[in-house]
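File shown: data14.txt. Contents: compact mmCIF, C-alpha atoms and all ligand atoms.
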```txt
# COMPACT_ATOMS: atom_id res chain seq x y z
CA MET A 8 -15.62 -61.53 -89.40
CA THR A 9 -18.81 -63.19 -90.63
CA THR A 10 -22.19 -61.51 -90.13
CA GLU A 11 -23.00 -64.09 -87.48
CA GLU A 12 -19.79 -63.33 -85.54
CA ASN A 13 -20.44 -59.57 -85.81
CA LYS A 14 -23.92 -60.05 -84.42
CA LYS A 15 -22.51 -62.03 -81.50
CA THR A 16 -19.93 -59.31 -80.72
CA ALA A 17 -22.59 -56.58 -80.87
CA THR A 18 -24.95 -58.51 -78.60
CA HIS A 19 -22.13 -59.22 -76.17
CA ILE A 20 -21.21 -55.52 -75.91
CA LEU A 21 -24.79 -54.26 -75.73
CA SER A 22 -26.08 -56.75 -73.17
CA ARG A 23 -23.16 -56.02 -70.79
CA ASP A 24 -23.51 -52.29 -71.41
CA GLU A 25 -27.12 -52.56 -70.29
CA GLN A 26 -26.13 -54.57 -67.23
CA PHE A 27 -23.13 -52.56 -66.04
CA VAL A 28 -23.13 -49.04 -67.49
CA ILE A 29 -25.22 -46.12 -66.27
CA ARG A 30 -25.98 -44.27 -69.48
CA PRO A 31 -26.64 -40.50 -69.25
CA TRP A 32 -29.42 -40.98 -71.79
CA SER A 33 -30.15 -42.88 -74.94
CA GLY A 34 -32.53 -42.71 -77.87
CA SER A 35 -33.74 -45.00 -80.57
CA GLY A 36 -30.96 -47.08 -82.20
CA GLU A 37 -28.66 -46.17 -79.30
CA PRO A 38 -26.14 -46.89 -77.97
CA VAL A 39 -24.25 -47.72 -81.14
CA PRO A 40 -21.55 -50.28 -80.20
CA VAL A 41 -18.61 -48.55 -81.92
CA VAL A 42 -15.60 -50.71 -82.69
CA ASP A 43 -13.67 -48.47 -85.07
CA ALA A 44 -13.56 -44.73 -85.79
CA LYS A 45 -11.51 -42.95 -88.45
CA GLY A 46 -12.00 -39.50 -89.95
CA CYS A 47 -15.74 -38.82 -90.25
CA ASN A 48 -16.69 -42.50 -90.14
CA ILE A 49 -17.48 -44.86 -87.33
CA THR A 50 -18.12 -48.57 -87.65
CA ASP A 51 -20.29 -50.54 -85.27
CA ALA A 52 -19.93 -54.10 -84.07
CA HIS A 53 -22.39 -55.25 -86.75
CA GLY A 54 -19.95 -54.00 -89.37
CA LYS A 55 -22.19 -51.07 -90.35
CA THR A 56 -20.42 -47.78 -91.12
CA PHE A 57 -21.96 -44.43 -90.21
CA LEU A 58 -21.04 -40.92 -91.25
CA ASP A 59 -20.59 -39.36 -87.83
CA LEU A 60 -22.02 -35.86 -88.13
CA THR A 61 -21.75 -35.46 -84.35
CA SER A 62 -17.91 -35.80 -84.18
CA GLY A 63 -18.24 -38.25 -81.27
CA TYR A 64 -20.31 -35.70 -79.44
CA PHE A 65 -18.53 -32.67 -80.79
CA VAL A 66 -14.98 -33.49 -79.74
CA ASN A 67 -13.12 -34.98 -82.72
CA GLN A 68 -12.38 -31.67 -84.43
CA ALA A 69 -9.85 -33.12 -86.88
CA GLY A 70 -11.78 -36.38 -87.33
CA HIS A 71 -11.64 -39.58 -85.33
CA CYS A 72 -8.15 -40.92 -84.60
CA HIS A 73 -6.18 -38.35 -86.59
CA PRO A 74 -2.74 -40.00 -87.05
CA LYS A 75 -0.81 -36.92 -85.87
CA VAL A 76 -2.93 -36.54 -82.74
CA ILE A 77 -2.51 -40.23 -81.99
CA ALA A 78 1.28 -40.04 -82.59
CA ALA A 79 1.64 -37.07 -80.21
CA THR A 80 -0.45 -38.91 -77.61
CA VAL A 81 1.67 -42.06 -77.81
CA GLU A 82 4.91 -40.05 -77.66
CA GLN A 83 3.71 -38.24 -74.52
CA LEU A 84 2.51 -41.49 -72.94
CA ASN A 85 6.11 -42.68 -73.05
CA LYS A 86 7.39 -39.55 -71.29
CA VAL A 87 5.05 -38.25 -68.58
CA VAL A 88 1.37 -39.08 -68.13
CA GLN A 89 0.33 -36.96 -65.20
CA VAL A 90 1.88 -34.91 -62.44
CA SER A 91 0.44 -33.17 -59.43
CA GLY A 92 -1.25 -29.79 -59.84
CA ARG A 93 1.70 -28.39 -57.85
CA HIS A 94 4.05 -29.29 -60.73
CA THR A 95 4.11 -28.83 -64.46
CA THR A 96 5.15 -30.43 -67.73
CA ALA A 97 6.16 -29.07 -71.13
CA SER A 98 2.97 -30.20 -72.87
CA VAL A 99 0.82 -28.32 -70.36
CA VAL A 100 2.78 -25.10 -70.82
CA ASP A 101 2.93 -25.50 -74.61
CA LEU A 102 -0.83 -25.92 -74.87
CA ALA A 103 -1.51 -23.02 -72.51
CA GLU A 104 0.73 -20.73 -74.55
CA LYS A 105 -0.89 -21.81 -77.81
CA LEU A 106 -4.41 -21.32 -76.48
CA VAL A 107 -3.57 -17.81 -75.31
CA GLU A 108 -2.02 -17.09 -78.73
CA ILE A 109 -5.16 -18.09 -80.69
CA SER A 110 -7.70 -16.53 -78.32
CA PRO A 111 -8.96 -12.94 -78.06
CA ASP A 112 -6.51 -10.44 -76.53
CA SER A 113 -8.62 -10.08 -73.39
CA VAL A 114 -7.61 -13.49 -71.99
CA HIS A 115 -4.09 -14.18 -70.80
CA LYS A 116 -3.87 -17.34 -68.72
CA VAL A 117 -5.20 -20.88 -68.66
CA PHE A 118 -6.69 -22.91 -65.83
CA PHE A 119 -6.92 -26.64 -66.58
CA ALA A 120 -10.01 -28.66 -65.69
CA THR A 121 -11.22 -32.11 -66.69
CA GLY A 122 -14.60 -31.45 -68.26
CA GLY A 123 -16.79 -28.69 -69.61
CA SER A 124 -19.20 -28.41 -66.68
CA GLU A 125 -16.27 -28.31 -64.28
CA ALA A 126 -14.58 -25.56 -66.32
CA VAL A 127 -17.74 -23.46 -66.19
CA GLU A 128 -17.95 -24.00 -62.44
CA PHE A 129 -14.38 -22.77 -62.03
CA ALA A 130 -15.20 -19.74 -64.17
CA LEU A 131 -18.10 -18.93 -61.84
CA LYS A 132 -15.80 -19.43 -58.87
CA MET A 133 -13.26 -16.98 -60.32
CA VAL A 134 -15.88 -14.27 -60.70
CA ARG A 135 -17.29 -14.95 -57.24
CA GLN A 136 -13.85 -14.75 -55.64
CA LYS A 137 -13.13 -11.44 -57.39
CA THR A 138 -16.50 -9.75 -56.88
CA GLY A 139 -17.94 -11.44 -53.80
CA LYS A 140 -21.21 -11.60 -55.75
CA SER A 141 -23.23 -14.80 -55.79
CA ASP A 142 -25.37 -14.44 -58.90
CA PHE A 143 -25.06 -14.58 -62.69
CA ALA A 144 -27.17 -13.84 -65.70
CA SER A 145 -27.56 -16.57 -68.31
CA LEU A 146 -29.75 -17.06 -71.38
CA GLU A 147 -33.18 -18.65 -71.47
CA ASN A 148 -32.18 -21.28 -73.99
CA GLY A 149 -28.54 -21.65 -72.95
CA PHE A 150 -26.69 -24.84 -71.97
CA HIS A 151 -23.67 -24.95 -69.67
CA GLY A 152 -23.41 -28.50 -68.38
CA LEU A 153 -25.16 -30.81 -65.99
CA THR A 154 -23.23 -30.76 -62.72
CA LEU A 155 -25.01 -29.13 -59.80
CA GLY A 156 -22.99 -25.90 -59.81
CA VAL A 157 -23.94 -25.01 -63.40
CA LEU A 158 -27.25 -26.76 -63.85
CA GLY A 159 -29.13 -23.68 -62.69
CA ALA A 160 -27.59 -21.74 -65.58
CA CYS A 161 -29.22 -24.01 -68.15
CA GLY A 162 -32.30 -22.54 -69.75
CA SER A 163 -34.24 -25.72 -70.22
CA GLU A 164 -36.37 -27.08 -67.40
CA LYS A 165 -35.75 -30.54 -68.91
CA TYR A 166 -32.13 -30.27 -67.74
CA ARG A 167 -32.69 -28.32 -64.52
CA LYS A 168 -35.08 -30.90 -63.16
CA THR A 169 -32.36 -33.60 -63.37
CA ALA A 170 -31.02 -32.02 -60.15
CA GLY A 171 -33.73 -33.88 -58.28
CA ILE A 172 -34.23 -30.85 -56.03
CA ASP A 173 -35.11 -27.17 -56.44
CA LEU A 174 -31.92 -25.39 -57.40
CA PRO A 175 -30.81 -22.20 -55.64
CA GLU A 176 -32.01 -19.15 -57.60
CA GLN A 177 -28.60 -17.78 -58.55
CA PHE A 178 -29.16 -17.35 -62.26
CA THR A 179 -31.25 -14.56 -63.72
CA ARG A 180 -32.37 -15.59 -67.18
CA LEU A 181 -32.24 -13.21 -70.10
CA PRO A 182 -34.10 -13.70 -73.41
CA SER A 183 -32.30 -15.77 -76.05
CA PRO A 184 -31.96 -14.34 -79.54
CA TYR A 185 -33.85 -16.33 -82.20
CA PRO A 186 -33.38 -14.55 -85.54
CA TYR A 187 -35.56 -17.01 -87.54
CA ARG A 188 -38.58 -16.37 -85.33
CA CYS A 189 -37.78 -12.84 -84.28
CA ALA A 190 -39.60 -9.74 -85.55
CA CYS A 191 -36.31 -7.90 -86.13
CA ASP A 192 -34.70 -10.38 -88.46
CA GLY A 193 -31.20 -11.03 -89.88
CA ASP A 194 -29.15 -8.00 -90.93
CA GLU A 195 -32.02 -5.75 -89.96
CA CYS A 196 -31.74 -6.90 -86.35
CA THR A 197 -32.14 -4.05 -83.90
CA ALA A 198 -31.85 -6.41 -80.91
CA ARG A 199 -35.18 -5.10 -79.67
CA CYS A 200 -35.58 -8.37 -77.74
CA LEU A 201 -32.98 -6.93 -75.34
CA ASP A 202 -35.29 -4.05 -74.38
CA GLY A 203 -35.65 -4.18 -70.62
CA VAL A 204 -32.54 -6.33 -70.06
CA GLU A 205 -30.52 -3.45 -68.63
CA GLU A 206 -33.24 -2.88 -66.05
CA ILE A 207 -33.41 -6.60 -65.17
CA LEU A 208 -29.66 -6.71 -64.62
CA ALA A 209 -29.52 -3.43 -62.73
CA ALA A 210 -32.28 -4.64 -60.40
CA ASN A 211 -30.05 -7.42 -59.02
CA PRO A 212 -26.85 -6.01 -57.50
CA ASN A 213 -25.69 -9.57 -56.71
CA ILE A 214 -25.00 -10.34 -60.38
CA GLY A 215 -21.27 -10.41 -61.11
CA ALA A 216 -21.18 -11.63 -64.72
CA ILE A 217 -23.12 -12.71 -67.76
CA LEU A 218 -22.54 -16.34 -68.71
CA ALA A 219 -23.49 -17.16 -72.29
CA GLU A 220 -22.55 -19.24 -75.31
CA PRO A 221 -21.68 -16.93 -78.22
CA ALA A 222 -23.92 -19.17 -80.34
CA GLN A 223 -26.06 -21.89 -78.83
CA ALA A 224 -25.13 -25.39 -79.88
CA ALA A 225 -27.57 -27.51 -77.88
CA GLY A 226 -30.02 -24.61 -78.12
CA GLY A 227 -29.62 -24.38 -81.88
CA LEU A 228 -29.61 -20.55 -82.05
CA ILE A 229 -27.15 -18.13 -83.63
CA PRO A 230 -27.45 -14.48 -82.53
CA SER A 231 -26.95 -11.55 -84.87
CA LYS A 232 -23.97 -9.21 -84.50
CA ALA A 233 -26.34 -6.44 -83.42
CA TRP A 234 -27.68 -8.60 -80.59
CA TRP A 235 -24.23 -9.28 -79.14
CA LYS A 236 -23.13 -5.67 -79.63
CA ARG A 237 -26.08 -4.45 -77.60
CA LEU A 238 -25.74 -7.02 -74.82
CA ASP A 239 -22.00 -6.33 -74.58
CA GLU A 240 -22.65 -2.59 -74.28
CA ILE A 241 -25.23 -3.16 -71.55
CA ARG A 242 -22.97 -5.39 -69.47
CA LYS A 243 -20.01 -3.02 -69.80
CA LYS A 244 -22.20 -0.10 -68.71
CA LEU A 245 -23.20 -2.08 -65.61
CA GLY A 246 -19.63 -3.23 -64.90
CA LEU A 247 -20.42 -6.93 -65.34
CA TYR A 248 -17.84 -9.49 -66.39
CA LEU A 249 -18.48 -11.58 -69.51
CA ILE A 250 -17.94 -15.35 -69.41
CA LEU A 251 -18.22 -16.82 -72.89
CA ASP A 252 -18.88 -20.52 -72.86
CA GLU A 253 -17.09 -21.70 -76.02
CA ILE A 254 -17.10 -25.36 -75.07
CA GLN A 255 -18.78 -26.16 -78.38
CA THR A 256 -17.99 -23.09 -80.45
CA GLY A 257 -14.26 -22.95 -79.67
CA ILE A 258 -11.26 -24.54 -81.42
CA GLY A 259 -12.25 -23.66 -84.96
CA ARG A 260 -15.79 -24.99 -84.95
CA THR A 261 -17.40 -21.80 -86.27
CA GLY A 262 -14.74 -21.01 -88.87
CA THR A 263 -12.59 -18.91 -86.53
CA TRP A 264 -10.61 -20.15 -83.51
CA PHE A 265 -13.26 -18.74 -81.19
CA ALA A 266 -16.75 -17.50 -82.01
CA ALA A 267 -15.96 -14.34 -79.98
CA GLU A 268 -14.09 -13.15 -83.08
CA HIS A 269 -17.26 -13.07 -85.19
CA TYR A 270 -18.83 -10.67 -82.71
CA ASP A 271 -15.74 -8.62 -81.84
CA LEU A 272 -16.14 -9.65 -78.21
CA GLN A 273 -13.35 -9.34 -75.65
CA PRO A 274 -14.61 -11.61 -72.86
CA ASP A 275 -13.06 -11.76 -69.39
CA ILE A 276 -13.28 -15.55 -69.43
CA ILE A 277 -13.68 -18.17 -72.13
CA THR A 278 -14.42 -21.76 -71.24
CA VAL A 279 -13.26 -24.37 -73.73
CA GLY A 280 -13.79 -28.12 -73.68
CA LYS A 281 -14.87 -30.94 -75.96
CA GLY A 282 -12.59 -30.40 -79.02
CA VAL A 283 -9.72 -28.96 -77.00
CA SER A 284 -7.95 -32.33 -76.78
CA GLY A 285 -9.74 -34.02 -79.67
CA GLY A 286 -11.27 -36.48 -77.22
CA VAL A 287 -7.96 -37.72 -75.77
CA GLY A 288 -8.43 -38.07 -72.04
CA SER A 289 -10.75 -35.47 -70.67
CA LEU A 290 -9.71 -31.87 -70.88
CA ALA A 291 -11.38 -28.51 -70.55
CA VAL A 292 -9.94 -25.12 -69.77
CA VAL A 293 -10.78 -21.72 -68.39
CA LEU A 294 -9.05 -18.93 -70.31
CA ALA A 295 -9.08 -15.89 -68.06
CA SER A 296 -7.93 -12.29 -68.02
CA ASN A 297 -4.97 -11.29 -65.85
CA GLU A 298 -7.43 -9.37 -63.70
CA LEU A 299 -9.55 -12.42 -62.89
CA SER A 300 -6.72 -14.91 -62.62
CA CYS A 301 -4.65 -12.73 -60.33
CA GLY A 302 -5.05 -14.06 -56.78
CA PHE A 303 -7.39 -16.88 -57.84
CA TYR A 304 -7.23 -19.87 -55.54
CA ALA A 305 -8.84 -23.03 -56.95
CA GLY A 306 -8.27 -25.23 -53.88
CA THR A 307 -6.12 -28.29 -54.55
CA THR A 308 -7.67 -30.06 -57.53
CA PRO A 309 -9.00 -31.02 -60.16
CA THR A 310 -6.67 -34.00 -59.84
CA ASN A 311 -6.33 -34.72 -63.54
CA GLY A 312 -6.58 -31.09 -64.67
CA GLY A 313 -3.86 -30.42 -67.22
CA ASN A 314 -3.16 -34.07 -67.82
CA ALA A 315 0.09 -34.14 -69.81
CA VAL A 316 -1.23 -36.61 -72.38
CA SER A 317 -4.45 -34.70 -73.08
CA CYS A 318 -2.41 -31.50 -73.42
CA ALA A 319 0.01 -33.09 -75.91
CA ALA A 320 -2.98 -34.29 -77.92
CA GLY A 321 -4.57 -30.83 -77.71
CA LEU A 322 -1.47 -29.12 -79.02
CA ALA A 323 -1.11 -31.66 -81.85
CA LEU A 324 -4.76 -31.13 -82.71
CA ILE A 325 -4.39 -27.35 -83.00
CA ASN A 326 -1.30 -27.86 -85.17
CA VAL A 327 -3.26 -30.23 -87.44
CA LEU A 328 -6.11 -27.73 -87.72
CA GLU A 329 -3.56 -25.10 -88.78
CA GLU A 330 -1.54 -27.29 -91.16
CA GLU A 331 -4.57 -28.79 -92.89
CA LYS A 332 -6.46 -25.48 -92.90
CA LEU A 333 -9.42 -27.12 -91.22
CA VAL A 334 -10.73 -23.94 -89.60
CA GLU A 335 -11.02 -22.48 -93.10
CA ASN A 336 -12.59 -25.77 -94.22
CA ALA A 337 -15.18 -25.47 -91.43
CA ARG A 338 -16.18 -22.08 -92.74
CA ALA A 339 -16.29 -23.22 -96.39
CA MET A 340 -18.17 -26.45 -95.66
CA GLY A 341 -20.71 -24.61 -93.49
CA GLU A 342 -21.45 -22.30 -96.40
CA TYR A 343 -21.50 -25.17 -98.90
CA PHE A 344 -23.91 -27.19 -96.79
CA THR A 345 -26.23 -24.25 -96.11
CA SER A 346 -26.60 -23.49 -99.77
CA ALA A 347 -27.00 -27.15 -100.79
CA VAL A 348 -29.75 -27.76 -98.21
CA ARG A 349 -31.56 -24.56 -99.18
CA LYS A 350 -31.52 -25.73 -102.81
CA LEU A 351 -33.63 -28.74 -101.77
CA LYS A 352 -36.54 -26.29 -101.39
CA ASP A 353 -38.29 -28.85 -99.23
CA SER A 354 -41.62 -27.77 -97.77
CA TRP A 355 -40.51 -28.89 -94.27
CA ILE A 356 -37.23 -26.93 -94.28
CA GLY A 357 -37.89 -23.62 -92.56
CA ASP A 358 -34.39 -22.40 -91.78
CA VAL A 359 -30.83 -23.54 -92.43
CA ARG A 360 -28.35 -21.80 -90.17
CA PHE A 361 -24.69 -22.57 -89.93
CA PHE A 362 -21.84 -20.84 -88.26
CA GLY A 363 -18.91 -22.72 -89.74
CA LEU A 364 -19.76 -26.32 -88.90
CA LEU A 365 -22.05 -25.61 -85.99
CA GLY A 366 -25.72 -25.34 -86.71
CA GLY A 367 -28.75 -27.09 -88.00
CA VAL A 368 -31.78 -27.41 -90.20
CA GLU A 369 -35.00 -26.21 -88.57
CA LEU A 370 -38.02 -28.21 -89.68
CA VAL A 371 -41.50 -26.72 -89.84
CA SER A 372 -44.88 -28.09 -90.89
CA ASP A 373 -45.76 -24.81 -92.59
CA ILE A 374 -43.15 -22.50 -94.11
CA GLU A 375 -45.44 -19.48 -93.90
CA ASN A 376 -46.46 -19.64 -90.25
CA LYS A 377 -43.27 -21.47 -89.17
CA SER A 378 -45.11 -24.03 -86.99
CA PRO A 379 -42.45 -26.41 -85.66
CA LEU A 380 -42.64 -29.89 -87.14
CA ALA A 381 -43.98 -32.30 -84.49
CA LYS A 382 -41.25 -33.96 -82.40
CA GLY A 383 -42.50 -37.46 -83.35
CA ILE A 384 -41.99 -36.69 -87.04
CA VAL A 385 -38.57 -35.15 -86.39
CA GLY A 386 -37.66 -38.33 -84.48
CA ALA A 387 -38.81 -40.48 -87.42
CA ILE A 388 -36.58 -38.43 -89.76
CA LYS A 389 -33.62 -38.89 -87.42
CA ASP A 390 -34.30 -42.66 -87.31
CA HIS A 391 -34.54 -42.80 -91.09
CA LEU A 392 -31.15 -41.07 -91.33
CA TYR A 393 -29.74 -43.52 -88.79
CA GLN A 394 -30.91 -46.45 -90.93
CA ALA A 395 -29.21 -44.78 -93.89
CA GLY A 396 -25.94 -44.61 -91.91
CA MET A 397 -26.08 -40.96 -90.89
CA LEU A 398 -25.56 -40.00 -87.24
CA ILE A 399 -26.96 -36.64 -86.18
CA THR A 400 -28.67 -35.19 -83.12
CA VAL A 401 -31.78 -33.08 -82.63
CA SER A 402 -31.87 -29.75 -80.80
CA GLY A 403 -33.56 -26.36 -80.59
CA PRO A 404 -36.15 -24.87 -78.22
CA HIS A 405 -38.92 -26.77 -80.07
CA GLY A 406 -36.92 -29.98 -80.61
CA ASN A 407 -37.22 -29.53 -84.38
CA VAL A 408 -33.63 -28.70 -85.43
CA LEU A 409 -31.60 -31.45 -87.12
CA ARG A 410 -28.23 -30.64 -85.66
CA LEU A 411 -24.97 -31.33 -87.46
CA GLN A 412 -21.47 -30.79 -86.08
CA PRO A 413 -19.21 -32.98 -88.20
CA PRO A 414 -15.42 -33.04 -87.81
CA LEU A 415 -13.88 -29.90 -89.31
CA SER A 416 -12.26 -32.19 -91.87
CA VAL A 417 -15.60 -33.15 -93.46
CA THR A 418 -15.62 -33.00 -97.25
CA ALA A 419 -18.20 -31.73 -99.75
CA GLU A 420 -18.59 -35.31 -100.98
CA GLU A 421 -19.51 -36.49 -97.45
CA LEU A 422 -21.98 -33.65 -97.01
CA ASP A 423 -23.50 -34.46 -100.42
CA ARG A 424 -24.06 -38.02 -99.22
CA PHE A 425 -25.91 -36.68 -96.20
CA ILE A 426 -28.02 -34.39 -98.36
CA VAL A 427 -29.13 -37.28 -100.58
CA CYS A 428 -30.21 -39.19 -97.43
CA LEU A 429 -31.92 -36.12 -95.98
CA LYS A 430 -33.91 -35.61 -99.16
CA ALA A 431 -35.06 -39.24 -99.12
CA ALA A 432 -35.88 -39.13 -95.39
CA LEU A 433 -38.00 -36.01 -95.73
CA SER A 434 -40.00 -37.26 -98.68
CA GLU A 435 -40.49 -40.80 -97.37
CA ILE A 436 -41.57 -39.70 -93.88
CA ARG A 437 -43.89 -37.07 -95.39
CA ALA A 438 -45.46 -39.68 -97.66
CA ALA A 439 -46.09 -41.90 -94.61
CA GLN A 440 -48.07 -39.17 -92.76
C1 LIG B 1 -21.85 -24.94 -74.16
C2 LIG B 1 -21.55 -26.07 -73.22
N1 LIG B 1 -21.09 -25.82 -72.00
C3 LIG B 1 -20.80 -26.80 -71.13
C4 LIG B 1 -20.98 -28.13 -71.48
C5 LIG B 1 -20.64 -29.22 -70.50
O1 LIG B 1 -19.52 -29.91 -70.91
P1 LIG B 1 -19.23 -31.39 -70.33
O2 LIG B 1 -20.27 -32.26 -70.92
O3 LIG B 1 -17.85 -31.70 -70.82
O4 LIG B 1 -19.31 -31.31 -68.85
C6 LIG B 1 -21.47 -28.44 -72.74
C7 LIG B 1 -21.69 -29.84 -73.12
O5 LIG B 1 -22.35 -30.18 -74.07
C8 LIG B 1 -21.77 -27.39 -73.64
O6 LIG B 1 -22.27 -27.63 -74.85
```
Please express what this file holds, its structure, as structure tokens.
Ligand SMILES: Cc1ncc(COP(=O)(O)O)c(C=O)c1O
Amino acid sequence: MTTEENKKTATHILSRDEQFVIRPWSGSGEPVPVVDAKGCNITDAHGKTFLDLTSGYFVNQAGHCHPKVIAATVEQLNKVVQVSGRHTTASVVDLAEKLVEISPDSVHKVFFATGGSEAVEFALKMVRQKTGKSDFASLENGFHGLTLGVLGACGSEKYRKTAGIDLPEQFTRLPSPYPYRCACDGDECTARCLDGVEEILAANPNIGAILAEPAQAAGGLIPSKAWWKRLDEIRKKLGLYLILDEIQTGIGRTGTWFAAEHYDLQPDIITVGKGVSGGVGSLAVVLASNELSCGFYAGTTPTNGGNAVSCAAGLALINVLEEEKLVENARAMGEYFTSAVRKLKDSWIGDVRFFGLLGGVELVSDIENKSPLAKGIVGAIKDHLYQAGMLITVSGPHGNVLRLQPPLSVTAEELDRFIVCLKAALSEIRAAQ
């Protein structure tokens, strides 16, 4: 197509999007009208190609449109698309069995939902049915979805206020670990920030479980092993269940199938979403222990939970991750990227923290006192990267973490391209201040 025709197509998509689509949110340069997506690249209607370091919002674990995932999807589409929750299909059972096989030993069965927030809600429901307790503990900077049943568990007021009303006080918030800004840093971590947590939890007998991400994706924080060890000991002492929200950290993202493995955690429930079907249909699951799943009654829906096509895609995706050693690649590329960004020795780069391919680059205006770089400047850097064809997001409690979660298939060459653009963005935006 000519440039003129591309422009017409882009305008046609964007003007109708504005007229007919309710967007959850959008920032500068967004929405990008995507017309093609392969591997780590997406192409917009203008014909511009971007390196998608967000994996289509953290779902395309093996890259966009992986041929084997697509083939499995098409094959399943010709057999069975969807059956009632009263019935079953081979792809559903195959995926359930595989998920149990790759997950920690503490979880034994799979409940199928249609989205991450919904899966977390069902996890809460399971604990409530078992314990009869209404409340949960969650982390100050945690994120668990935006539907009304889980919104209260989110740490950020920015999200909670989208409810439009005051939410019921059913979530007791615990301090989030923040090794970069914490007095007890890195390997030396004594998890002192958890002092007093046992008392907080013990003071509320209505708490049935702790709900937490093993590492915070939207929150941009990665706890130390000592922090998780201590919290896990506290909750076991108090007889609380542990729900690990692995909607972003699961399915190989952190260099192991589940981040629980890094911390030697044996959760009672793991929620998984996003990458679980590589973006085919909408799939999320609750992996639960025999104890919690025994006697659980969900009601009659979710209608499309365990959609046969999404499950076939999910199974193909896990097979691809295994065959192409992409979980190992996630680990190696996370390490490669961390070291390459640190080598930039840029005066605005305060911390580079990656857990496999989940993490970010925390920007500060002063390395010594760690003052967060102003949000406006961070936004200008993100825009500069966008112009250079790099798609990322921004996260962290101070909105100063450049967040990258590329497909697990990303290569060193692709990451090098990003680093060249990052270097230019930092120096050009600094020069403009
Ligand atoms: C950790 C975590 N939990 C839950 C959710 C909600 O998932 P969904 O957007 O599919 O409802 C998200 C989404 O970003 C998430 O990151």
inquiry  = Distance cut-off 12 Å, centre (-3.0, -17.5, -57.0) in file coordinates, counting all atoms listed in the file: which residues qualify? Return them as a list in words.
reply    =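 Here is the list of nearby residues: Arg93, Lys116, Phe118, Met133, Gln136, Lys137, Asn297, Glu298, Leu299, Ser300, Cys301, Gly302, Phe303, Tyr304, Ala305, Gly306 and Thr307 of chain A.
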request  = Rank nothing, just name the residue among A:Asp142, A:Asp252, A:Asp24, A:Glu375 nearest to ligand LIG 1 (chain B), using only C-alpha atoms and all ligand atoms.
outcome  =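 Result for the nearest residue to ligand LIG 1 (chain B): A:Asp252.
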message = Using only C-alpha atoms and all ligand atoms, which residues of the polymer chains come no farther than 8 Å from ligand LIG 1 (chain B)? I'd like the answer as a list of chain:residue names.
response =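 These are the residues that qualify: A:Tyr64, A:Thr121, A:Gly122, A:Gly123, A:Ser124, A:Glu125, A:Ala126, A:Val127, A:Gly149, A:Phe150, A:His151, A:Gly152, A:Leu153, A:Thr154, A:Glu220, A:Gln223, A:Ala224, A:Ala225, A:Asp252, A:Glu253, A:Ile254, A:Gln255, A:Thr256, A:Thr278, A:Gly280, A:Lys281, A:Ala291.
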message = For Arg360 (chain A), find every residue with an atom within 12 Å (counting only C-alpha atoms), except residues of its own chain fewer than 2 positions away, and show them as an MDAnalysis selection string.
response = chainID A and resid 185:187 193 222:224 227:231 261 341:349 356:358 362:370 403 408:411
With C-alpha atoms kept, could you save the residues just selected as a short mmCIF file (atom, residue, chain, number, x, y, z; two decimals), in the frame of the given file?
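Dumped to again39.cif:
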```cif
data_model
loop_
_atom_site.label_atom_id
_atom_site.label_comp_id
_atom_site.auth_asym_id
_atom_site.auth_seq_id
_atom_site.Cartn_x
_atom_site.Cartn_y
_atom_site.Cartn_z
CA TYR A 185 -33.85 -16.33 -82.20
CA PRO A 186 -33.38 -14.55 -85.54
CA TYR A 187 -35.56 -17.01 -87.54
CA GLY A 193 -31.20 -11.03 -89.88
CA ALA A 222 -23.92 -19.17 -80.34
CA GLN A 223 -26.06 -21.89 -78.83
CA ALA A 224 -25.13 -25.39 -79.88
CA GLY A 227 -29.62 -24.38 -81.88
CA LEU A 228 -29.61 -20.55 -82.05
CA ILE A 229 -27.15 -18.13 -83.63
CA PRO A 230 -27.45 -14.48 -82.53
CA SER A 231 -26.95 -11.55 -84.87
CA THR A 261 -17.40 -21.80 -86.27
CA GLY A 341 -20.71 -24.61 -93.49
CA GLU A 342 -21.45 -22.30 -96.40
CA TYR A 343 -21.50 -25.17 -98.90
CA PHE A 344 -23.91 -27.19 -96.79
CA THR A 345 -26.23 -24.25 -96.11
CA SER A 346 -26.60 -23.49 -99.77
CA ALA A 347 -27.00 -27.15 -100.79
CA VAL A 348 -29.75 -27.76 -98.21
CA ARG A 349 -31.56 -24.56 -99.18
CA ILE A 356 -37.23 -26.93 -94.28
CA GLY A 357 -37.89 -23.62 -92.56
CA ASP A 358 -34.39 -22.40 -91.78
CA PHE A 362 -21.84 -20.84 -88.26
CA GLY A 363 -18.91 -22.72 -89.74
CA LEU A 364 -19.76 -26.32 -88.90
CA LEU A 365 -22.05 -25.61 -85.99
CA GLY A 366 -25.72 -25.34 -86.71
CA GLY A 367 -28.75 -27.09 -88.00
CA VAL A 368 -31.78 -27.41 -90.20
CA GLU A 369 -35.00 -26.21 -88.57
CA LEU A 370 -38.02 -28.21 -89.68
CA GLY A 403 -33.56 -26.36 -80.59
CA VAL A 408 -33.63 -28.70 -85.43
CA LEU A 409 -31.60 -31.45 -87.12
CA ARG A 410 -28.23 -30.64 -85.66
CA LEU A 411 -24.97 -31.33 -87.46
#
```
request  = Around the point (-2.5, -32.4, -70.9), in the coordinates given by the file, pick out the residues reaching within 12 Å, counting only C-alpha atoms, and return them as a VMD selection string.
outcome  = chain A and resid 79 to 80 83 to 84 87 to 92 95 to 103 118 to 121 283 to 292 310 to 323
task = State, in Å with one decimal place, the distance from CA of Ala339 (chain A) to CA of Thr61 (chain A).
result = 18.0 Å
